[in-house]
$ cat target_34.cif   # mmCIF, C-alpha atoms and all ligand atoms
data_protein
loop_
_atom_site.label_atom_id
_atom_site.label_comp_id
_atom_site.auth_asym_id
_atom_site.auth_seq_id
_atom_site.Cartn_x
_atom_site.Cartn_y
_atom_site.Cartn_z
CA MET S 1 0.00 0.00 0.00
CA SER S 2 1.33 3.47 -0.78
CA ALA S 3 2.30 5.92 1.99
CA THR S 4 -0.24 8.44 0.66
CA ALA S 5 -3.24 6.10 1.06
CA THR S 6 -6.28 7.71 2.68
CA PRO S 7 -7.49 6.07 5.95
CA ASP S 8 -10.46 4.45 4.13
CA VAL S 9 -8.19 2.88 1.54
CA ALA S 10 -5.84 1.73 4.29
CA ALA S 11 -8.63 0.23 6.42
CA LEU S 12 -10.32 -1.47 3.47
CA SER S 13 -7.04 -2.83 2.19
CA GLN S 14 -6.24 -4.25 5.63
CA GLU S 15 -9.67 -5.87 5.89
CA ILE S 16 -9.31 -7.40 2.41
CA ARG S 17 -5.96 -8.94 3.29
CA ARG S 18 -7.42 -10.24 6.59
CA LEU S 19 -10.36 -11.87 4.79
CA ALA S 20 -8.12 -13.31 2.09
CA LYS S 21 -5.95 -14.97 4.72
CA ALA S 22 -8.91 -16.26 6.75
CA LYS S 23 -10.53 -17.76 3.64
CA ASN S 24 -7.35 -18.99 1.96
CA ALA S 25 -8.15 -16.82 -1.06
CA VAL S 26 -5.82 -15.60 -3.76
CA ILE S 27 -6.54 -12.19 -5.30
CA LEU S 28 -5.55 -11.80 -8.95
CA ALA S 29 -5.63 -8.38 -10.63
CA HIS S 30 -5.25 -7.46 -14.27
CA ASN S 31 -2.75 -4.76 -15.27
CA TYR S 32 -5.72 -2.53 -16.23
CA GLN S 33 -7.28 -2.47 -12.72
CA VAL S 34 -7.25 0.68 -10.56
CA PRO S 35 -3.99 1.12 -8.58
CA GLU S 36 -5.50 0.43 -5.14
CA VAL S 37 -6.87 -2.93 -6.34
CA GLN S 38 -3.51 -3.81 -7.90
CA GLU S 39 -1.89 -2.99 -4.55
CA ILE S 40 -3.99 -5.40 -2.46
CA SER S 41 -3.62 -8.27 -4.93
CA ASP S 42 -1.36 -11.31 -4.66
CA HIS S 43 -0.54 -11.23 -8.36
CA VAL S 44 -0.89 -8.51 -10.99
CA GLY S 45 -0.45 -9.37 -14.65
CA ASP S 46 -2.00 -9.99 -18.03
CA SER S 47 -4.67 -12.59 -18.73
CA LEU S 48 -2.11 -15.25 -19.67
CA GLY S 49 0.03 -14.69 -16.58
CA LEU S 50 -3.03 -14.66 -14.33
CA ALA S 51 -4.46 -17.81 -15.94
CA LEU S 52 -1.15 -19.53 -15.15
CA GLU S 53 -1.25 -18.25 -11.54
CA ALA S 54 -4.81 -19.52 -11.24
CA GLN S 55 -3.67 -22.93 -12.51
CA LYS S 56 -0.96 -23.37 -9.92
CA THR S 57 -2.62 -21.81 -6.88
CA SER S 58 -3.27 -23.85 -3.73
CA ALA S 59 -5.87 -21.31 -2.56
CA ASP S 60 -9.48 -22.46 -2.06
CA LEU S 61 -10.95 -19.26 -3.47
CA ILE S 62 -9.85 -17.18 -6.47
CA VAL S 63 -10.99 -13.53 -6.49
CA PHE S 64 -10.48 -12.29 -10.03
CA CYS S 65 -10.19 -8.52 -10.37
CA GLY S 66 -10.51 -8.16 -14.10
CA VAL S 67 -13.33 -8.69 -16.57
CA HIS S 68 -15.73 -11.59 -16.94
CA PHE S 69 -13.92 -13.58 -19.65
CA MET S 70 -10.76 -13.63 -17.52
CA ALA S 71 -12.56 -14.99 -14.44
CA GLU S 72 -14.28 -17.49 -16.71
CA SER S 73 -10.89 -18.70 -18.01
CA ALA S 74 -9.64 -19.09 -14.42
CA LYS S 75 -12.72 -21.21 -13.66
CA ILE S 76 -12.31 -23.31 -16.82
CA LEU S 77 -8.69 -24.05 -15.92
CA ASN S 78 -9.59 -24.74 -12.27
CA PRO S 79 -13.02 -26.39 -12.26
CA GLU S 80 -12.69 -27.45 -8.61
CA LYS S 81 -12.04 -23.94 -7.32
CA LYS S 82 -14.58 -21.29 -6.45
CA VAL S 83 -13.87 -18.29 -8.69
CA LEU S 84 -15.37 -14.91 -7.79
CA LEU S 85 -15.75 -11.78 -9.93
CA PRO S 86 -16.29 -8.81 -7.57
CA ASN S 87 -18.64 -6.99 -9.98
CA LEU S 88 -20.84 -8.76 -12.52
CA ALA S 89 -20.96 -5.59 -14.61
CA ALA S 90 -17.30 -6.17 -15.55
CA GLY S 91 -17.91 -7.26 -19.14
CA CYS S 92 -15.92 -6.72 -22.34
CA SER S 93 -17.18 -5.07 -25.53
CA LEU S 94 -14.65 -7.00 -27.61
CA ALA S 95 -15.81 -10.34 -26.17
CA ASP S 96 -19.40 -9.29 -26.91
CA SER S 97 -18.52 -8.57 -30.55
CA ILE S 98 -18.67 -12.28 -31.43
CA THR S 99 -21.17 -14.97 -30.41
CA ALA S 100 -21.11 -18.74 -30.81
CA GLU S 101 -23.71 -18.34 -33.58
CA SER S 102 -21.75 -15.74 -35.52
CA LEU S 103 -18.57 -17.82 -35.22
CA SER S 104 -20.41 -20.94 -36.45
CA ASP S 105 -21.69 -18.99 -39.48
CA TRP S 106 -18.22 -17.68 -40.17
CA LYS S 107 -16.67 -21.16 -39.92
CA GLU S 108 -19.21 -22.38 -42.49
CA LYS S 109 -18.21 -19.55 -44.79
CA TYR S 110 -14.50 -20.47 -44.49
CA PRO S 111 -14.44 -24.26 -44.07
CA GLY S 112 -11.21 -26.08 -43.22
CA ARG S 113 -9.46 -23.16 -41.54
CA ALA S 114 -7.98 -23.35 -38.03
CA VAL S 115 -9.81 -20.95 -35.70
CA VAL S 116 -7.52 -18.86 -33.47
CA THR S 117 -9.51 -16.93 -30.87
CA TYR S 118 -8.20 -14.13 -28.70
CA VAL S 119 -8.91 -14.84 -25.02
CA ASN S 120 -11.12 -11.73 -24.99
CA SER S 121 -14.09 -13.94 -25.87
CA THR S 122 -16.78 -15.97 -24.13
CA ALA S 123 -16.34 -19.62 -23.13
CA GLU S 124 -18.87 -20.59 -25.84
CA VAL S 125 -16.75 -18.95 -28.54
CA LYS S 126 -13.54 -20.50 -27.16
CA ALA S 127 -15.22 -23.91 -27.22
CA LEU S 128 -15.76 -23.56 -30.99
CA SER S 129 -12.13 -22.59 -31.56
CA ASP S 130 -9.06 -24.70 -32.24
CA ILE S 131 -6.78 -22.66 -30.04
CA CYS S 132 -6.82 -19.42 -28.03
CA CYS S 133 -4.18 -16.70 -27.92
CA THR S 134 -3.46 -13.56 -25.94
CA SER S 135 -1.70 -10.43 -27.12
CA ALA S 136 1.44 -11.88 -25.48
CA ASN S 137 1.55 -15.02 -27.63
CA ALA S 138 -0.68 -14.45 -30.67
CA ALA S 139 2.06 -14.57 -33.32
CA SER S 140 3.64 -17.69 -31.77
CA VAL S 141 0.24 -19.39 -31.59
CA VAL S 142 -0.44 -18.75 -35.30
CA ARG S 143 3.12 -19.87 -36.19
CA SER S 144 2.70 -23.07 -34.13
CA LEU S 145 -0.21 -24.35 -36.24
CA SER S 146 0.51 -26.94 -38.94
CA THR S 147 -2.04 -25.38 -41.31
CA ASP S 148 -1.45 -22.11 -43.21
CA LYS S 149 -5.16 -21.27 -43.38
CA ILE S 150 -6.27 -19.35 -40.31
CA LEU S 151 -9.46 -17.65 -39.13
CA PHE S 152 -8.55 -15.08 -36.49
CA THR S 153 -11.24 -13.85 -34.09
CA PRO S 154 -12.48 -11.45 -32.83
CA ASP S 155 -10.03 -8.47 -32.79
CA ARG S 156 -9.32 -7.10 -36.27
CA ASN S 157 -6.40 -4.93 -35.10
CA LEU S 158 -4.60 -7.75 -33.29
CA GLY S 159 -5.40 -10.05 -36.22
CA ARG S 160 -3.90 -7.64 -38.73
CA TRP S 161 -0.79 -7.20 -36.59
CA VAL S 162 -0.38 -10.98 -36.24
CA ALA S 163 -0.80 -11.44 -40.00
CA SER S 164 2.03 -8.93 -40.52
CA GLN S 165 4.26 -10.88 -38.11
CA VAL S 166 3.51 -14.25 -39.72
CA PRO S 167 3.31 -13.36 -43.46
CA GLU S 168 3.68 -17.00 -44.52
CA LYS S 169 0.14 -17.72 -43.22
CA ASP S 170 -3.12 -16.79 -44.91
CA VAL S 171 -5.13 -15.10 -42.14
CA VAL S 172 -8.82 -14.19 -42.51
CA ILE S 173 -9.73 -11.70 -39.79
CA TYR S 174 -13.05 -11.19 -37.99
CA ASP S 175 -14.35 -7.61 -37.75
CA GLY S 176 -14.40 -7.02 -33.96
CA CYS S 177 -12.38 -4.56 -31.91
CA CYS S 178 -11.75 -3.19 -28.44
CA PRO S 179 -13.42 0.25 -28.53
CA ILE S 180 -10.95 1.65 -26.00
CA HIS S 181 -7.98 0.95 -28.27
CA ASP S 182 -9.81 1.44 -31.55
CA VAL S 183 -11.01 4.95 -30.73
CA LEU S 184 -7.42 6.17 -30.46
CA ARG S 185 -6.35 7.84 -33.71
CA GLY S 186 -2.93 8.52 -35.19
CA SER S 187 -3.62 12.25 -34.88
CA ASN S 188 -4.10 11.94 -31.08
CA VAL S 189 -0.77 10.14 -30.74
CA THR S 190 1.03 12.52 -33.09
CA ARG S 191 -0.15 15.47 -31.00
CA VAL S 192 1.28 13.89 -27.83
CA ARG S 193 4.50 12.99 -29.65
CA ASP S 194 4.94 16.54 -30.90
CA LEU S 195 4.70 17.78 -27.32
CA LEU S 196 7.28 15.24 -26.12
CA PRO S 197 10.17 15.14 -28.58
CA GLY S 198 12.42 12.11 -27.99
CA ALA S 199 9.72 10.13 -26.17
CA VAL S 200 9.45 6.42 -27.02
CA LEU S 201 6.04 5.23 -28.22
CA ILE S 202 4.95 1.74 -27.11
CA ALA S 203 1.65 0.55 -28.59
CA HIS S 204 -0.60 -2.38 -27.82
CA PRO S 205 -1.43 -4.55 -30.85
CA GLU S 206 -5.16 -3.85 -30.28
CA CYS S 207 -4.42 -0.31 -31.57
CA ARG S 208 -5.22 0.69 -35.14
CA GLU S 209 -2.67 0.08 -37.90
CA ASP S 210 -1.34 3.65 -38.22
CA ILE S 211 -0.49 3.73 -34.50
CA VAL S 212 1.20 0.32 -34.55
CA GLU S 213 3.21 1.48 -37.59
CA MET S 214 4.47 4.63 -35.91
CA ALA S 215 5.35 2.81 -32.63
CA ASP S 216 8.91 2.16 -31.48
CA ALA S 217 7.69 -1.11 -29.92
CA VAL S 218 4.47 -3.13 -30.10
CA ALA S 219 3.71 -5.22 -27.03
CA SER S 220 1.12 -6.74 -24.72
CA THR S 221 0.90 -5.18 -21.25
CA THR S 222 3.48 -7.61 -19.86
CA GLY S 223 5.60 -7.08 -22.96
CA MET S 224 5.49 -3.32 -22.24
CA MET S 225 7.08 -3.92 -18.85
CA SER S 226 10.16 -5.40 -20.49
CA ALA S 227 10.04 -3.19 -23.63
CA VAL S 228 10.74 -0.08 -21.51
CA GLY S 229 14.01 -1.68 -20.35
CA LYS S 230 15.15 -1.90 -23.97
CA PHE S 231 15.36 1.91 -24.19
CA PRO S 232 17.74 2.66 -21.28
CA ASP S 233 18.53 6.20 -22.49
CA ALA S 234 14.90 7.29 -22.90
CA LYS S 235 13.31 9.29 -20.11
CA THR S 236 9.72 9.56 -21.37
CA PHE S 237 7.42 6.88 -22.78
CA ILE S 238 4.09 7.35 -24.53
CA ILE S 239 1.89 4.36 -23.77
CA ALA S 240 -0.90 3.40 -26.19
CA THR S 241 -3.10 1.11 -24.13
CA GLU S 242 -5.59 1.24 -21.24
CA ASN S 243 -4.25 3.59 -18.56
CA GLY S 244 -4.21 1.01 -15.69
CA ILE S 245 -0.82 -0.30 -16.87
CA ILE S 246 0.83 3.02 -15.95
CA HIS S 247 0.75 2.03 -12.24
CA GLN S 248 2.90 -1.09 -12.79
CA LEU S 249 5.21 0.74 -15.20
CA LYS S 250 5.84 3.51 -12.65
CA LYS S 251 6.52 0.97 -9.91
CA ARG S 252 9.03 -0.90 -12.04
CA TYR S 253 10.68 2.22 -13.52
CA PRO S 254 10.33 5.03 -10.93
CA ASP S 255 12.82 7.27 -12.77
CA LYS S 256 10.95 7.23 -16.09
CA GLU S 257 7.94 9.27 -17.12
CA PHE S 258 4.88 7.57 -18.64
CA VAL S 259 2.22 9.45 -20.58
CA VAL S 260 -1.00 7.88 -21.89
CA ALA S 261 -1.06 8.19 -25.69
CA ASP S 262 -4.19 10.36 -25.83
CA GLY S 263 -2.53 12.84 -23.50
CA CYS S 264 -5.44 12.72 -21.10
CA ILE S 265 -5.53 10.12 -18.30
CA GLY S 266 -9.09 9.07 -17.58
CA CYS S 267 -10.45 10.01 -21.02
CA ARG S 268 -10.42 7.68 -23.98
CA LEU S 269 -7.93 5.08 -22.80
CA ASN S 270 -10.02 4.22 -19.75
CA CYS S 271 -12.04 1.02 -19.90
CA PRO S 272 -15.23 1.45 -17.82
CA TYR S 273 -15.49 -2.33 -17.37
CA MET S 274 -11.95 -2.66 -16.05
CA LYS S 275 -12.63 0.20 -13.69
CA CYS S 276 -15.86 -1.09 -12.16
CA ILE S 277 -14.06 -3.03 -9.43
CA GLY S 278 -12.86 -0.99 -6.46
CA LEU S 279 -11.80 -1.94 -2.93
CA GLU S 280 -15.44 -1.98 -1.73
CA GLU S 281 -16.35 -4.57 -4.38
CA VAL S 282 -13.32 -6.73 -3.50
CA GLU S 283 -14.11 -6.59 0.22
CA ARG S 284 -17.75 -7.53 -0.37
CA SER S 285 -16.75 -10.28 -2.76
CA LEU S 286 -14.53 -11.90 -0.14
CA ARG S 287 -16.96 -11.38 2.74
CA GLU S 288 -20.10 -12.64 0.96
CA GLU S 289 -18.31 -14.92 -1.53
CA VAL S 290 -19.95 -13.21 -4.53
CA PHE S 291 -20.22 -13.33 -7.51
CA GLU S 292 -19.43 -16.91 -8.34
CA VAL S 293 -18.46 -17.58 -11.96
CA THR S 294 -19.74 -20.86 -13.39
CA VAL S 295 -19.36 -22.43 -16.83
CA ASP S 296 -21.47 -25.21 -18.32
CA ALA S 297 -19.43 -28.47 -18.21
CA ASP S 298 -19.60 -29.23 -21.97
CA VAL S 299 -18.71 -25.68 -22.92
CA ALA S 300 -15.90 -25.67 -20.33
CA ALA S 301 -14.42 -28.88 -21.76
CA GLY S 302 -14.17 -27.38 -25.27
CA ALA S 303 -12.86 -24.04 -24.01
CA ARG S 304 -10.30 -25.80 -21.76
CA ARG S 305 -8.89 -27.67 -24.75
CA ALA S 306 -8.40 -24.38 -26.67
CA LEU S 307 -6.87 -22.66 -23.61
CA GLU S 308 -4.55 -25.55 -22.77
CA ARG S 309 -3.30 -25.71 -26.35
CA MET S 310 -2.52 -22.00 -26.06
CA ILE S 311 -0.71 -22.38 -22.72
CA ALA S 312 1.63 -24.94 -24.31
CA VAL S 313 2.90 -22.25 -26.74
CA PRO S 314 5.65 -19.90 -25.42
CA ARG S 315 5.00 -16.14 -25.11
CA ASP S 316 6.06 -13.68 -27.84
CA ASN S 317 6.64 -10.91 -25.26
O1 LIG Q 1 -4.31 -10.41 -22.51
C1 LIG Q 1 -4.54 -9.47 -21.76
O2 LIG Q 1 -4.43 -9.52 -20.56
C2 LIG Q 1 -5.02 -8.21 -22.35
C3 LIG Q 1 -6.45 -8.05 -22.53
C4 LIG Q 1 -4.17 -7.28 -22.69
C5 LIG Q 1 -2.72 -7.38 -22.41
O3 LIG Q 1 -1.93 -7.04 -23.28
O4 LIG Q 1 -2.32 -7.77 -21.32
#

$ encode --input "target_34.cif" --output "structure tokens"
Amino acid sequence: MSATATPDVAALSQEIRRLAKAKNAVILAHNYQVPEVQEISDHVGDSLGLALEAQKTSADLIVFCGVHFMAESAKILNPEKKVLLPNLAAGCSLADSITAESLSDWKEKYPGRAVVTYVNSTAEVKALSDICCTSANAASVVRSLSTDKILFTPDRNLGRWVASQVPEKDVVIYDGCCPIHDVLRGSNVTRVRDLLPGAVLIAHPECREDIVEMADAVASTTGMMSAVGKFPDAKTFIIATENGIIHQLKKRYPDKEFVVADGCIGCRLNCPYMKCIGLEEVERSLREEVFEVTVDADVAAGARRALERMIAVPRDN
């Protein structure tokens, strides 16, 4: 906990840690969560890192501070554990951009292709896929497949970036996107760059093509943590992804300056779903053991196969 925490934050944080210990719970937080939630968590990371933590935990209870598809993946990989999502409103517009029905129609339109699905998707969609990927391993996942014919779902920006990294494959890309990343335009980033000459631009592959093309590095949130270290002489970094990652970047690199790519923390690069879990929701979740995430057994079996195939592939970044 930071020295500047207000008494409420301090008291709530203490109570959360007390409850977590009493209930043998592990608290996992995504890099996009608010700083105070990241601070009371046992592990902070991206969806792949957190899925792996969930797989190896000996805790009885997993409190997942992230969005629904992430908690669902933790449940699928740990069917015996109770997995809690502190706020059921924590959805994902990208995951909602594809349904099992629309994927089935699309598979019929492109028969014989291997379906690679970004983890930002529902369990039903994962269950209809050959393999999942995250932004930290998407290119390696596509490269690992024996077929050259790929259907990539649902993020068109990540899909296009992956296709550019693996040009030997023929990748058909679904037309979904993360509205938080997709709303960012090259002109926003250029304006920030002009104000900060010499700053290094690191972009998430969910950003639009022009932004990825002007970036000095393209990386997942975990990849961003190591990418900063590759520019030892740079003082200032412009970060093109959801603003929650800034907290971990500042902790790891206290001497560097991080600026959100739209130049305005809390505006466009702020996911309302990622930000709907606060300390009150985490405390209630632990105390009342709400809201339990469940997945139909047949759906879970199909989704687990796609997730486990993904986990066997090493990370790109
Ligand atoms: O895979 C994740 O956790 C997401 C959604 C983004 C990232 O790059 O970490």

$ atom_distance --input "target_34.cif" --atom1 "atom CA of Ala59 of chain S" --atom2 "atom CA of Ala95 of chain S"
27.9 Å

$ closest_residue --input "target_34.cif" --among "S:Leu145, S:Val282, S:Ala89, S:Ala297" --to "Phe64 of chain S" --atoms "all atoms listed in the file"
S:Val282

$ closest_residue --input "target_34.cif" --among "S:Ala139, S:Val67, S:Ala240, S:Ala261" --to "Gly91 of chain S" --atoms "only C-alpha atoms"
S:Val67

$ residues_near_ligand --input "target_34.cif" --ligand "ligand LIG 1 (chain Q)" --cutoff "9 Å" --atoms "only C-alpha atoms and all ligand atoms" --output "PyMOL selection string"
chain S and resi 30-32+45-50+66+70+118-120+133-136+204-206+219-224+241-242+245

$ axis_aligned_box --input "target_34.cif" --around "segment 145-160 of chain S" --padding-each-side "5 Å" --output "AutoDock Vina command-line options"
--center_x -6.0 --center_y -15.9 --center_z -38.1 --size_x 23.0 --size_y 32.0 --size_z 20.6

$ atom_distance --input "target_34.cif" --atom1 "atom CA of Val63 of chain S" --atom2 "atom CA of Pro79 of chain S"
14.2 Å

$ residues_around --input "target_34.cif" --residues "Glu280 of chain S" --least-positions-apart "6" --cutoff "10 Å" --atoms "all atoms listed in the file" --output "PyMOL selection string"
chain S and resi 9+12-13+16+37+86

$ residues_around --input "target_34.cif" --residues "Arg284 of chain S" --least-positions-apart "3" --cutoff "12 Å" --atoms "only C-alpha atoms" --output "PyMOL selection string"
chain S and resi 12-13+15-16+19-20+63+84-87+277-281+287-291

$ closest_residue --input "target_34.cif" --among "S:Asp255, S:Glu72, S:Asp262, S:Asp105" --to "Ala90 of chain S" --atoms "all atoms listed in the file"
S:Glu72

$ atom_distance --input "target_34.cif" --atom1 "atom CA of Ala199 of chain S" --atom2 "atom CA of Ser164 of chain S"
25.1 Å

$ residues_around --input "target_34.cif" --residues "segment 107-115 of chain S" --least-positions-apart "6" --cutoff "12 Å" --atoms "all atoms listed in the file" --output "MDAnalysis selection string"
chainID S and resid 100:101 125:133 141:154 159 169:174 306

$ closest_residue --input "target_34.cif" --among "S:Val295, S:Val166, S:Ala51, S:Leu61" --to "Leu77 of chain S" --atoms "all atoms listed in the file"
S:Ala51

$ closest_residue --input "target_34.cif" --among "S:Asp316, S:Asp96, S:Asp42, S:Asp182" --to "His68 of chain S" --atoms "all atoms listed in the file"
S:Asp96

$ closest_residue --input "target_34.cif" --among "S:Ser93, S:Asn137, S:Thr190, S:Gln248" --to "Val44 of chain S" --atoms "all atoms listed in the file"
S:Gln248

$ residues_near_point --input "target_34.cif" --point "(-13.8, 1.8, -21.8)" --cutoff "10 Å" --atoms "only C-alpha atoms" --output "ChimeraX atom specification"
/S:92-93,178-181,183,242,266-275

$ build_atoms --input "target_34.cif" --residues "segment 129-138 of chain S" --atoms "all heavy atoms" --output "mmCIF file, in the frame of the given file"
data_model
loop_
_atom_site.group_PDB
_atom_site.id
_atom_site.type_symbol
_atom_site.label_atom_id
_atom_site.label_comp_id
_atom_site.auth_asym_id
_atom_site.auth_seq_id
_atom_site.Cartn_x
_atom_site.Cartn_y
_atom_site.Cartn_z
ATOM 1 N N SER S 129 -13.401 -22.988 -30.950
ATOM 2 C CA SER S 129 -12.130 -22.590 -31.560
ATOM 3 C C SER S 129 -11.109 -23.709 -31.441
ATOM 4 O O SER S 129 -11.200 -24.548 -30.546
ATOM 5 C CB SER S 129 -11.600 -21.335 -30.842
ATOM 6 O OG SER S 129 -12.598 -20.330 -30.841
ATOM 7 N N ASP S 130 -10.112 -23.681 -32.329
ATOM 8 C CA ASP S 130 -9.060 -24.700 -32.240
ATOM 9 C C ASP S 130 -8.063 -24.360 -31.157
ATOM 10 O O ASP S 130 -7.530 -25.235 -30.481
ATOM 11 C CB ASP S 130 -8.340 -24.825 -33.597
ATOM 12 C CG ASP S 130 -9.287 -25.373 -34.649
ATOM 13 O OD1 ASP S 130 -9.620 -26.557 -34.542
ATOM 14 O OD2 ASP S 130 -9.737 -24.605 -35.519
ATOM 15 N N ILE S 131 -7.788 -23.086 -31.019
ATOM 16 C CA ILE S 131 -6.780 -22.660 -30.040
ATOM 17 C C ILE S 131 -7.046 -21.203 -29.677
ATOM 18 O O ILE S 131 -7.569 -20.437 -30.493
ATOM 19 C CB ILE S 131 -5.348 -22.848 -30.635
ATOM 20 C CG1 ILE S 131 -4.260 -22.585 -29.578
ATOM 21 C CG2 ILE S 131 -5.110 -22.004 -31.880
ATOM 22 C CD1 ILE S 131 -2.848 -23.073 -29.991
ATOM 23 N N CYS S 132 -6.709 -20.821 -28.440
ATOM 24 C CA CYS S 132 -6.820 -19.420 -28.030
ATOM 25 C C CYS S 132 -5.449 -18.751 -28.151
ATOM 26 O O CYS S 132 -4.436 -19.422 -28.351
ATOM 27 C CB CYS S 132 -7.284 -19.323 -26.571
ATOM 28 S SG CYS S 132 -8.997 -19.803 -26.361
ATOM 29 N N CYS S 133 -5.446 -17.432 -28.016
ATOM 30 C CA CYS S 133 -4.180 -16.700 -27.920
ATOM 31 C C CYS S 133 -4.423 -15.483 -27.059
ATOM 32 O O CYS S 133 -5.575 -15.114 -26.811
ATOM 33 C CB CYS S 133 -3.681 -16.272 -29.305
ATOM 34 S SG CYS S 133 -4.670 -14.957 -30.045
ATOM 35 N N THR S 134 -3.348 -14.875 -26.569
ATOM 36 C CA THR S 134 -3.460 -13.560 -25.940
ATOM 37 C C THR S 134 -2.585 -12.625 -26.764
ATOM 38 O O THR S 134 -1.904 -13.070 -27.708
ATOM 39 C CB THR S 134 -2.946 -13.553 -24.478
ATOM 40 O OG1 THR S 134 -1.525 -13.662 -24.502
ATOM 41 C CG2 THR S 134 -3.524 -14.681 -23.667
ATOM 42 N N SER S 135 -2.560 -11.351 -26.378
ATOM 43 C CA SER S 135 -1.700 -10.430 -27.120
ATOM 44 C C SER S 135 -0.233 -10.733 -26.854
ATOM 45 O O SER S 135 0.639 -10.246 -27.567
ATOM 46 C CB SER S 135 -2.043 -8.987 -26.753
ATOM 47 O OG SER S 135 -2.169 -8.870 -25.365
ATOM 48 N N ALA S 136 0.047 -11.546 -25.816
ATOM 49 C CA ALA S 136 1.440 -11.880 -25.480
ATOM 50 C C ALA S 136 1.956 -13.089 -26.246
ATOM 51 O O ALA S 136 3.143 -13.393 -26.182
ATOM 52 C CB ALA S 136 1.564 -12.123 -23.974
ATOM 53 N N ASN S 137 1.065 -13.815 -26.935
ATOM 54 C CA ASN S 137 1.550 -15.020 -27.630
ATOM 55 C C ASN S 137 0.877 -15.247 -28.986
ATOM 56 O O ASN S 137 1.027 -16.318 -29.576
ATOM 57 C CB ASN S 137 1.382 -16.268 -26.730
ATOM 58 C CG ASN S 137 -0.087 -16.576 -26.433
ATOM 59 O OD1 ASN S 137 -0.976 -15.993 -27.031
ATOM 60 N ND2 ASN S 137 -0.313 -17.495 -25.527
ATOM 61 N N ALA S 138 0.141 -14.246 -29.475
ATOM 62 C CA ALA S 138 -0.680 -14.450 -30.670
ATOM 63 C C ALA S 138 0.131 -14.876 -31.894
ATOM 64 O O ALA S 138 -0.258 -15.809 -32.614
ATOM 65 C CB ALA S 138 -1.474 -13.177 -30.976
#
